[in-house]
Amino acid sequence: MKRVLLKLSGEALAGDKKTGFDEATCMGVAKQVKQLVDDGVQVAIVTGGGNFWRGRSANPAMDRVKADQIGMLATVMNAMYLADSCRQKGVEAVVMTPFPVGTMTQQFSKDLANKLLSEGKVLIFAGGIGHPFFSTDTVTALRASELEADAILFAKAIDGVYDSDPAVNPNAVKFDEIPCKDIVEKNLKVIDIAAANLCYEQKIPVVIFGLAEEKSVIRAANGEKIGTTVTV
């Protein structure tokens, strides 16, 4: 693959701590990203924010727009932390947001994004699409479509797609491969339905895997069988 878009869930970045940053996990991601860049792969990343904020889960009465805006800011924190982890591993990473964040990020532009990727820089997209009611999964599919990524790699705290929640059902069955349309039709909540629809329409291959697995990002980017492959 020449260009991949890696989606990192906030929960995965938190590791076993479940909240905040797990230093070993973040540095492990940065190390794998550096290897991919050294191998000539262009890498863009979208960060989730679930290690800091889970929408209205703590207060259902909260205004949805405000809750989503807080979530956007949580992803900016994750992106900045991950960018510095990359810096420490010798990789230049640029955080891009759909809205100005002072001098801390670059505002997203397709032309600028393509230029930076061609220069071997890593892009980290944060802030979602800048509007409420859209998940970070959706912006992942959107940016992958805009930048014509060869594949989307969803690195999660869970190691693939199951027919039911394995945390609730110990007999849940994991899929090695599943058509994208089945995720939509069966309402499997491993990725957002809007994101699944966009991947299906744009024919973007998707791999969903557990970040904690050994060299998981490199293996997924190299086409190794890992997690669940979502066919389009």
# chains A, B, ... in the order shown; residues from 1 in each chain; ligands from 1
>>> select_by_dssp(residues="segment 116-186 of chain A", states="strand (DSSP E)", output="ChimeraX atom specification")
/A:122-125,151-156,161-162,174-175,177-179
>>> closest_atom_pairs(of="segment 6-40 of chain A", to="segment 134-157 of chain A", cutoff="7 Å", atoms="only C-alpha atoms", output="CSV")
residue,atom,partner,partner_atom,distance
A:Leu6,CA,A:Leu153,CA,4.7
A:Lys7,CA,A:Phe154,CA,4.7
A:Leu8,CA,A:Ala155,CA,5.1
A:Ser9,CA,A:Lys156,CA,5.5
A:Glu11,CA,A:Ala157,CA,6.1
A:Ala12,CA,A:Ala157,CA,4.6
>>> closest_residue(among="A:Ile183, A:Val41, A:Ala113, A:Met62", to="Ser164 of chain A", atoms="only C-alpha atoms")
A:Ile183
>>> closest_residue(among="A:Gly210, A:Gly55, A:Gly40, A:Pro166", to="Gln69 of chain A", atoms="only C-alpha atoms")
A:Gly55
>>> closest_residue(among="A:Leu116, A:Ala212, A:Ile70, A:Asp163", to="Leu188 of chain A", atoms="only C-alpha atoms")
A:Asp163
>>> closest_residue(among="A:Val91, A:Ile191, A:Met72, A:Val207", to="Arg219 of chain A", atoms="only C-alpha atoms")
A:Val207
>>> atom_distance(atom1="atom CA of Glu224 of chain A", atom2="atom CA of Val206 of chain A")
12.6 Å
>>> residues_around(residues="segment 79-89 of chain A", least_positions_apart="2", cutoff="7 Å", atoms="only C-alpha atoms", output="NGL selection string")
:A and (26-27 or 30-31 or 34 or 47 or 75-77 or 91-95 or 124 or 126)
>>> write_last_selection(atoms="N, CA, C and O atoms", output="PDB file, in the first residue's frame")
ATOM      1  N   CYS A  26       1.295   4.764  23.066  1.00  0.00           N
ATOM      2  CA  CYS A  26       1.485   5.872  22.122  1.00  0.00           C
ATOM      3  C   CYS A  26       2.857   5.819  21.455  1.00  0.00           C
ATOM      4  O   CYS A  26       2.986   6.025  20.238  1.00  0.00           O
ATOM      5  N   MET A  27       3.887   5.523  22.238  1.00  0.00           N
ATOM      6  CA  MET A  27       5.223   5.425  21.664  1.00  0.00           C
ATOM      7  C   MET A  27       5.331   4.201  20.750  1.00  0.00           C
ATOM      8  O   MET A  27       6.040   4.228  19.734  1.00  0.00           O
ATOM      9  N   ALA A  30       3.885   5.277  17.466  1.00  0.00           N
ATOM     10  CA  ALA A  30       4.831   6.158  16.771  1.00  0.00           C
ATOM     11  C   ALA A  30       5.979   5.357  16.150  1.00  0.00           C
ATOM     12  O   ALA A  30       6.423   5.648  15.030  1.00  0.00           O
ATOM     13  N   LYS A  31       6.429   4.329  16.853  1.00  0.00           N
ATOM     14  CA  LYS A  31       7.519   3.489  16.337  1.00  0.00           C
ATOM     15  C   LYS A  31       7.083   2.751  15.077  1.00  0.00           C
ATOM     16  O   LYS A  31       7.838   2.667  14.091  1.00  0.00           O
ATOM     17  N   LYS A  34       6.778   5.215  12.170  1.00  0.00           N
ATOM     18  CA  LYS A  34       8.109   5.546  11.624  1.00  0.00           C
ATOM     19  C   LYS A  34       8.583   4.455  10.668  1.00  0.00           C
ATOM     20  O   LYS A  34       9.115   4.751   9.585  1.00  0.00           O
ATOM     21  N   THR A  47      -7.602  10.529  15.052  1.00  0.00           N
ATOM     22  CA  THR A  47      -7.683  10.137  16.455  1.00  0.00           C
ATOM     23  C   THR A  47      -9.104  10.289  16.978  1.00  0.00           C
ATOM     24  O   THR A  47      -9.793  11.258  16.667  1.00  0.00           O
ATOM     25  N   THR A  75     -10.224  15.067  20.820  1.00  0.00           N
ATOM     26  CA  THR A  75      -9.422  14.482  19.743  1.00  0.00           C
ATOM     27  C   THR A  75      -8.203  15.352  19.415  1.00  0.00           C
ATOM     28  O   THR A  75      -7.166  14.833  19.013  1.00  0.00           O
ATOM     29  N   VAL A  76      -8.336  16.658  19.601  1.00  0.00           N
ATOM     30  CA  VAL A  76      -7.188  17.552  19.364  1.00  0.00           C
ATOM     31  C   VAL A  76      -6.081  17.253  20.375  1.00  0.00           C
ATOM     32  O   VAL A  76      -4.893  17.195  20.023  1.00  0.00           O
ATOM     33  N   MET A  77      -6.455  17.047  21.640  1.00  0.00           N
ATOM     34  CA  MET A  77      -5.456  16.701  22.660  1.00  0.00           C
ATOM     35  C   MET A  77      -4.737  15.409  22.281  1.00  0.00           C
ATOM     36  O   MET A  77      -3.506  15.318  22.366  1.00  0.00           O
ATOM     37  N   VAL A  91      10.007  11.327  13.488  1.00  0.00           N
ATOM     38  CA  VAL A  91       9.073  11.514  12.379  1.00  0.00           C
ATOM     39  C   VAL A  91       8.344  12.843  12.559  1.00  0.00           C
ATOM     40  O   VAL A  91       7.814  13.124  13.642  1.00  0.00           O
ATOM     41  N   GLU A  92       8.311  13.660  11.505  1.00  0.00           N
ATOM     42  CA  GLU A  92       7.588  14.929  11.595  1.00  0.00           C
ATOM     43  C   GLU A  92       6.099  14.687  11.349  1.00  0.00           C
ATOM     44  O   GLU A  92       5.714  14.108  10.334  1.00  0.00           O
ATOM     45  N   ALA A  93       5.278  15.095  12.294  1.00  0.00           N
ATOM     46  CA  ALA A  93       3.830  14.930  12.182  1.00  0.00           C
ATOM     47  C   ALA A  93       3.157  16.289  12.269  1.00  0.00           C
ATOM     48  O   ALA A  93       3.539  17.145  13.076  1.00  0.00           O
ATOM     49  N   VAL A  94       2.155  16.491  11.439  1.00  0.00           N
ATOM     50  CA  VAL A  94       1.411  17.745  11.398  1.00  0.00           C
ATOM     51  C   VAL A  94      -0.036  17.466  11.790  1.00  0.00           C
ATOM     52  O   VAL A  94      -0.673  16.583  11.221  1.00  0.00           O
ATOM     53  N   VAL A  95      -0.528  18.205  12.779  1.00  0.00           N
ATOM     54  CA  VAL A  95      -1.923  18.064  13.197  1.00  0.00           C
ATOM     55  C   VAL A  95      -2.786  19.002  12.363  1.00  0.00           C
ATOM     56  O   VAL A  95      -2.502  20.199  12.272  1.00  0.00           O
ATOM     57  N   ILE A 124      -2.019  14.061  11.111  1.00  0.00           N
ATOM     58  CA  ILE A 124      -2.934  13.596  12.157  1.00  0.00           C
ATOM     59  C   ILE A 124      -4.151  14.509  12.136  1.00  0.00           C
ATOM     60  O   ILE A 124      -4.055  15.705  12.415  1.00  0.00           O
ATOM     61  N   ALA A 126      -7.651  15.839  13.451  1.00  0.00           N
ATOM     62  CA  ALA A 126      -8.386  15.940  14.712  1.00  0.00           C
ATOM     63  C   ALA A 126      -9.552  16.902  14.537  1.00  0.00           C
ATOM     64  O   ALA A 126      -9.649  17.620  13.544  1.00  0.00           O
TER      65      ALA A 126
END
>>> closest_residue(among="A:Ile208, A:Ile178, A:Gly20, A:Leu5", to="Leu36 of chain A", atoms="only C-alpha atoms")
A:Leu5
>>> residues_around(residues="Cys180 of chain A", least_positions_apart="5", cutoff="8 Å", atoms="only C-alpha atoms", output="ChimeraX atom specification")
/A:196-197,199-200,230-232
>>> write_last_selection(atoms="N, CA and C atoms", output="short mmCIF file (atom, residue, chain, number, x, y, z; two decimals), in the first residue's frame")
data_model
loop_
_atom_site.label_atom_id
_atom_site.label_comp_id
_atom_site.auth_asym_id
_atom_site.auth_seq_id
_atom_site.Cartn_x
_atom_site.Cartn_y
_atom_site.Cartn_z
N ALA A 196 -19.40 3.30 7.32
CA ALA A 196 -19.47 2.05 6.56
C ALA A 196 -20.09 2.29 5.19
N ASN A 197 -21.13 3.10 5.15
CA ASN A 197 -21.78 3.42 3.88
C ASN A 197 -20.82 4.12 2.92
N CYS A 199 -17.50 4.07 2.93
CA CYS A 199 -16.46 3.13 2.49
C CYS A 199 -17.00 2.22 1.39
N TYR A 200 -18.25 1.80 1.55
CA TYR A 200 -18.88 0.93 0.55
C TYR A 200 -19.04 1.66 -0.78
N VAL A 230 -12.89 -5.98 6.03
CA VAL A 230 -14.22 -5.57 5.56
C VAL A 230 -14.14 -5.39 4.06
N THR A 231 -14.80 -6.26 3.33
CA THR A 231 -14.73 -6.22 1.87
C THR A 231 -15.76 -5.28 1.29
N VAL A 232 -15.43 -4.66 0.15
CA VAL A 232 -16.33 -3.73 -0.51
C VAL A 232 -16.64 -4.19 -1.93
#
>>> residues_around(residues="Arg56 of chain A", least_positions_apart="3", cutoff="12 Å", atoms="only C-alpha atoms", output="NGL selection string")
:A and (50 or 53 or 59-71)
>>> write_last_selection(atoms="C-alpha atoms", output="PDB file, in the first residue's frame")
ATOM      1  CA  GLY A  50     -13.004   8.272  23.958  1.00  0.00           C
ATOM      2  CA  TRP A  53     -14.873  12.052  26.633  1.00  0.00           C
ATOM      3  CA  ASN A  59     -25.147  13.123  31.568  1.00  0.00           C
ATOM      4  CA  PRO A  60     -27.924  12.269  29.077  1.00  0.00           C
ATOM      5  CA  ALA A  61     -29.534  15.680  29.666  1.00  0.00           C
ATOM      6  CA  MET A  62     -26.520  17.508  28.237  1.00  0.00           C
ATOM      7  CA  ASP A  63     -26.976  19.409  24.980  1.00  0.00           C
ATOM      8  CA  ARG A  64     -25.798  17.142  22.137  1.00  0.00           C
ATOM      9  CA  VAL A  65     -24.057  19.933  20.247  1.00  0.00           C
ATOM     10  CA  LYS A  66     -21.995  20.959  23.291  1.00  0.00           C
ATOM     11  CA  ALA A  67     -21.172  17.335  24.070  1.00  0.00           C
ATOM     12  CA  ASP A  68     -19.939  16.756  20.530  1.00  0.00           C
ATOM     13  CA  GLN A  69     -17.865  19.940  20.608  1.00  0.00           C
ATOM     14  CA  ILE A  70     -16.117  18.772  23.765  1.00  0.00           C
ATOM     15  CA  GLY A  71     -15.426  15.487  21.982  1.00  0.00           C
TER      16      GLY A  71
END
>>> atom_distance(atom1="atom CA of Gly48 of chain A", atom2="atom CA of Lys17 of chain A")
16.0 Å
>>> closest_residue(among="A:Thr25, A:Ser57, A:Gln202, A:Thr105", to="Lys215 of chain A", atoms="only C-alpha atoms")
A:Thr25
>>> select_by_dssp(residues="segment 81-215 of chain A", states="alpha helix (DSSP H)", output="JSON, numbers by chain")
{"A": [81, 82, 83, 84, 85, 86, 87, 88, 110, 111, 112, 113, 114, 115, 116, 117, 118, 136, 137, 138, 139, 140, 141, 142, 143, 144, 145, 146, 180, 181, 182, 183, 184, 185, 193, 194, 195, 196, 197, 198, 199, 200, 201, 202]}
>>> decode(residues="segment 136-171 of chain A", atoms="N, CA, C and O atoms", output="PDB file, in the first residue's frame")
ATOM      1  N   THR A 136     -15.997  10.275  14.669  1.00  0.00           N
ATOM      2  CA  THR A 136     -14.638  10.256  14.119  1.00  0.00           C
ATOM      3  C   THR A 136     -14.481   9.127  13.099  1.00  0.00           C
ATOM      4  O   THR A 136     -13.604   9.191  12.233  1.00  0.00           O
ATOM      5  N   ASP A 137     -15.314   8.094  13.180  1.00  0.00           N
ATOM      6  CA  ASP A 137     -15.303   7.071  12.124  1.00  0.00           C
ATOM      7  C   ASP A 137     -15.724   7.676  10.791  1.00  0.00           C
ATOM      8  O   ASP A 137     -15.152   7.383   9.743  1.00  0.00           O
ATOM      9  N   THR A 138     -16.733   8.556  10.850  1.00  0.00           N
ATOM     10  CA  THR A 138     -17.221   9.181   9.622  1.00  0.00           C
ATOM     11  C   THR A 138     -16.160  10.076   8.987  1.00  0.00           C
ATOM     12  O   THR A 138     -15.954  10.050   7.764  1.00  0.00           O
ATOM     13  N   VAL A 139     -15.466  10.862   9.814  1.00  0.00           N
ATOM     14  CA  VAL A 139     -14.431  11.734   9.250  1.00  0.00           C
ATOM     15  C   VAL A 139     -13.266  10.895   8.723  1.00  0.00           C
ATOM     16  O   VAL A 139     -12.592  11.283   7.754  1.00  0.00           O
ATOM     17  N   THR A 140     -13.041   9.721   9.300  1.00  0.00           N
ATOM     18  CA  THR A 140     -12.013   8.816   8.791  1.00  0.00           C
ATOM     19  C   THR A 140     -12.340   8.406   7.358  1.00  0.00           C
ATOM     20  O   THR A 140     -11.487   8.463   6.456  1.00  0.00           O
ATOM     21  N   ALA A 141     -13.578   7.981   7.135  1.00  0.00           N
ATOM     22  CA  ALA A 141     -14.002   7.584   5.787  1.00  0.00           C
ATOM     23  C   ALA A 141     -13.970   8.775   4.836  1.00  0.00           C
ATOM     24  O   ALA A 141     -13.609   8.642   3.656  1.00  0.00           O
ATOM     25  N   LEU A 142     -14.335   9.964   5.333  1.00  0.00           N
ATOM     26  CA  LEU A 142     -14.335  11.168   4.508  1.00  0.00           C
ATOM     27  C   LEU A 142     -12.923  11.545   4.068  1.00  0.00           C
ATOM     28  O   LEU A 142     -12.668  11.774   2.874  1.00  0.00           O
ATOM     29  N   ARG A 143     -11.985  11.603   5.010  1.00  0.00           N
ATOM     30  CA  ARG A 143     -10.603  11.974   4.667  1.00  0.00           C
ATOM     31  C   ARG A 143      -9.967  10.917   3.765  1.00  0.00           C
ATOM     32  O   ARG A 143      -9.201  11.248   2.842  1.00  0.00           O
ATOM     33  N   ALA A 144     -10.272   9.648   4.009  1.00  0.00           N
ATOM     34  CA  ALA A 144      -9.730   8.599   3.148  1.00  0.00           C
ATOM     35  C   ALA A 144     -10.236   8.753   1.718  1.00  0.00           C
ATOM     36  O   ALA A 144      -9.489   8.527   0.758  1.00  0.00           O
ATOM     37  N   SER A 145     -11.499   9.149   1.582  1.00  0.00           N
ATOM     38  CA  SER A 145     -12.071   9.368   0.255  1.00  0.00           C
ATOM     39  C   SER A 145     -11.425  10.576  -0.418  1.00  0.00           C
ATOM     40  O   SER A 145     -11.050  10.531  -1.597  1.00  0.00           O
ATOM     41  N   GLU A 146     -11.283  11.671   0.325  1.00  0.00           N
ATOM     42  CA  GLU A 146     -10.696  12.892  -0.227  1.00  0.00           C
ATOM     43  C   GLU A 146      -9.252  12.675  -0.682  1.00  0.00           C
ATOM     44  O   GLU A 146      -8.823  13.216  -1.709  1.00  0.00           O
ATOM     45  N   LEU A 147      -8.498  11.908   0.107  1.00  0.00           N
ATOM     46  CA  LEU A 147      -7.068  11.741  -0.158  1.00  0.00           C
ATOM     47  C   LEU A 147      -6.754  10.458  -0.930  1.00  0.00           C
ATOM     48  O   LEU A 147      -5.596  10.130  -1.144  1.00  0.00           O
ATOM     49  N   GLU A 148      -7.814   9.744  -1.349  1.00  0.00           N
ATOM     50  CA  GLU A 148      -7.665   8.529  -2.149  1.00  0.00           C
ATOM     51  C   GLU A 148      -6.722   7.526  -1.490  1.00  0.00           C
ATOM     52  O   GLU A 148      -5.779   6.997  -2.112  1.00  0.00           O
ATOM     53  N   ALA A 149      -6.983   7.251  -0.220  1.00  0.00           N
ATOM     54  CA  ALA A 149      -6.179   6.273   0.517  1.00  0.00           C
ATOM     55  C   ALA A 149      -6.407   4.873  -0.047  1.00  0.00           C
ATOM     56  O   ALA A 149      -7.497   4.548  -0.528  1.00  0.00           O
ATOM     57  N   ASP A 150      -5.381   4.043   0.026  1.00  0.00           N
ATOM     58  CA  ASP A 150      -5.494   2.673  -0.473  1.00  0.00           C
ATOM     59  C   ASP A 150      -6.297   1.797   0.480  1.00  0.00           C
ATOM     60  O   ASP A 150      -6.868   0.789   0.063  1.00  0.00           O
ATOM     61  N   ALA A 151      -6.318   2.169   1.754  1.00  0.00           N
ATOM     62  CA  ALA A 151      -7.074   1.398   2.737  1.00  0.00           C
ATOM     63  C   ALA A 151      -7.231   2.210   4.014  1.00  0.00           C
ATOM     64  O   ALA A 151      -6.463   3.145   4.270  1.00  0.00           O
ATOM     65  N   ILE A 152      -8.238   1.835   4.795  1.00  0.00           N
ATOM     66  CA  ILE A 152      -8.424   2.393   6.135  1.00  0.00           C
ATOM     67  C   ILE A 152      -8.114   1.299   7.144  1.00  0.00           C
ATOM     68  O   ILE A 152      -8.629   0.175   7.042  1.00  0.00           O
ATOM     69  N   LEU A 153      -7.284   1.632   8.114  1.00  0.00           N
ATOM     70  CA  LEU A 153      -6.918   0.696   9.168  1.00  0.00           C
ATOM     71  C   LEU A 153      -7.532   1.193  10.480  1.00  0.00           C
ATOM     72  O   LEU A 153      -7.116   2.220  11.017  1.00  0.00           O
ATOM     73  N   PHE A 154      -8.537   0.483  10.968  1.00  0.00           N
ATOM     74  CA  PHE A 154      -9.198   0.857  12.220  1.00  0.00           C
ATOM     75  C   PHE A 154      -8.537   0.103  13.371  1.00  0.00           C
ATOM     76  O   PHE A 154      -8.754  -1.099  13.541  1.00  0.00           O
ATOM     77  N   ALA A 155      -7.703   0.795  14.164  1.00  0.00           N
ATOM     78  CA  ALA A 155      -7.050   0.185  15.318  1.00  0.00           C
ATOM     79  C   ALA A 155      -7.893   0.460  16.564  1.00  0.00           C
ATOM     80  O   ALA A 155      -8.079   1.607  16.961  1.00  0.00           O
ATOM     81  N   LYS A 156      -8.398  -0.621  17.155  1.00  0.00           N
ATOM     82  CA  LYS A 156      -9.338  -0.473  18.253  1.00  0.00           C
ATOM     83  C   LYS A 156      -8.868  -1.220  19.493  1.00  0.00           C
ATOM     84  O   LYS A 156      -7.857  -1.939  19.477  1.00  0.00           O
ATOM     85  N   ALA A 157      -9.636  -1.057  20.565  1.00  0.00           N
ATOM     86  CA  ALA A 157      -9.359  -1.810  21.783  1.00  0.00           C
ATOM     87  C   ALA A 157      -9.844  -3.245  21.646  1.00  0.00           C
ATOM     88  O   ALA A 157      -9.448  -4.121  22.416  1.00  0.00           O
ATOM     89  N   ILE A 158     -10.716  -3.493  20.664  1.00  0.00           N
ATOM     90  CA  ILE A 158     -11.234  -4.831  20.371  1.00  0.00           C
ATOM     91  C   ILE A 158     -10.575  -5.348  19.099  1.00  0.00           C
ATOM     92  O   ILE A 158     -10.209  -4.556  18.227  1.00  0.00           O
ATOM     93  N   ASP A 159     -10.389  -6.676  18.994  1.00  0.00           N
ATOM     94  CA  ASP A 159      -9.526  -7.217  17.943  1.00  0.00           C
ATOM     95  C   ASP A 159     -10.229  -7.590  16.643  1.00  0.00           C
ATOM     96  O   ASP A 159      -9.706  -8.368  15.850  1.00  0.00           O
ATOM     97  N   GLY A 160     -11.409  -7.037  16.389  1.00  0.00           N
ATOM     98  CA  GLY A 160     -12.082  -7.317  15.130  1.00  0.00           C
ATOM     99  C   GLY A 160     -13.581  -7.127  15.240  1.00  0.00           C
ATOM    100  O   GLY A 160     -14.078  -6.513  16.187  1.00  0.00           O
ATOM    101  N   VAL A 161     -14.306  -7.655  14.261  1.00  0.00           N
ATOM    102  CA  VAL A 161     -15.765  -7.550  14.222  1.00  0.00           C
ATOM    103  C   VAL A 161     -16.367  -8.861  14.713  1.00  0.00           C
ATOM    104  O   VAL A 161     -15.988  -9.945  14.248  1.00  0.00           O
ATOM    105  N   TYR A 162     -17.313  -8.751  15.636  1.00  0.00           N
ATOM    106  CA  TYR A 162     -18.003  -9.917  16.194  1.00  0.00           C
ATOM    107  C   TYR A 162     -19.500  -9.826  15.872  1.00  0.00           C
ATOM    108  O   TYR A 162     -20.017  -8.733  15.594  1.00  0.00           O
ATOM    109  N   ASP A 163     -20.177 -10.971  15.961  1.00  0.00           N
ATOM    110  CA  ASP A 163     -21.617 -10.977  15.692  1.00  0.00           C
ATOM    111  C   ASP A 163     -22.428 -10.385  16.831  1.00  0.00           C
ATOM    112  O   ASP A 163     -23.613 -10.084  16.680  1.00  0.00           O
ATOM    113  N   SER A 164     -21.789 -10.201  17.998  1.00  0.00           N
ATOM    114  CA  SER A 164     -22.395  -9.531  19.152  1.00  0.00           C
ATOM    115  C   SER A 164     -21.262  -9.029  20.035  1.00  0.00           C
ATOM    116  O   SER A 164     -20.084  -9.305  19.764  1.00  0.00           O
ATOM    117  N   ASP A 165     -21.582  -8.309  21.068  1.00  0.00           N
ATOM    118  CA  ASP A 165     -20.565  -7.696  21.921  1.00  0.00           C
ATOM    119  C   ASP A 165     -19.846  -8.771  22.739  1.00  0.00           C
ATOM    120  O   ASP A 165     -20.453  -9.388  23.622  1.00  0.00           O
ATOM    121  N   PRO A 166     -18.554  -9.018  22.488  1.00  0.00           N
ATOM    122  CA  PRO A 166     -17.845 -10.060  23.232  1.00  0.00           C
ATOM    123  C   PRO A 166     -17.683  -9.739  24.719  1.00  0.00           C
ATOM    124  O   PRO A 166     -17.452 -10.647  25.527  1.00  0.00           O
ATOM    125  N   ALA A 167     -17.815  -8.465  25.077  1.00  0.00           N
ATOM    126  CA  ALA A 167     -17.738  -8.089  26.490  1.00  0.00           C
ATOM    127  C   ALA A 167     -18.987  -8.526  27.240  1.00  0.00           C
ATOM    128  O   ALA A 167     -18.964  -8.702  28.462  1.00  0.00           O
ATOM    129  N   VAL A 168     -20.071  -8.701  26.498  1.00  0.00           N
ATOM    130  CA  VAL A 168     -21.341  -9.110  27.088  1.00  0.00           C
ATOM    131  C   VAL A 168     -21.621 -10.588  26.834  1.00  0.00           C
ATOM    132  O   VAL A 168     -22.102 -11.313  27.708  1.00  0.00           O
ATOM    133  N   ASN A 169     -21.318 -11.034  25.616  1.00  0.00           N
ATOM    134  CA  ASN A 169     -21.589 -12.408  25.215  1.00  0.00           C
ATOM    135  C   ASN A 169     -20.279 -13.182  25.040  1.00  0.00           C
ATOM    136  O   ASN A 169     -19.561 -12.979  24.059  1.00  0.00           O
ATOM    137  N   PRO A 170     -19.940 -14.089  25.976  1.00  0.00           N
ATOM    138  CA  PRO A 170     -18.682 -14.843  25.868  1.00  0.00           C
ATOM    139  C   PRO A 170     -18.651 -15.787  24.675  1.00  0.00           C
ATOM    140  O   PRO A 170     -17.584 -16.272  24.286  1.00  0.00           O
ATOM    141  N   ASN A 171     -19.811 -16.035  24.070  1.00  0.00           N
ATOM    142  CA  ASN A 171     -19.884 -16.922  22.907  1.00  0.00           C
ATOM    143  C   ASN A 171     -19.932 -16.148  21.589  1.00  0.00           C
ATOM    144  O   ASN A 171     -20.249 -16.726  20.538  1.00  0.00           O
TER     145      ASN A 171
END
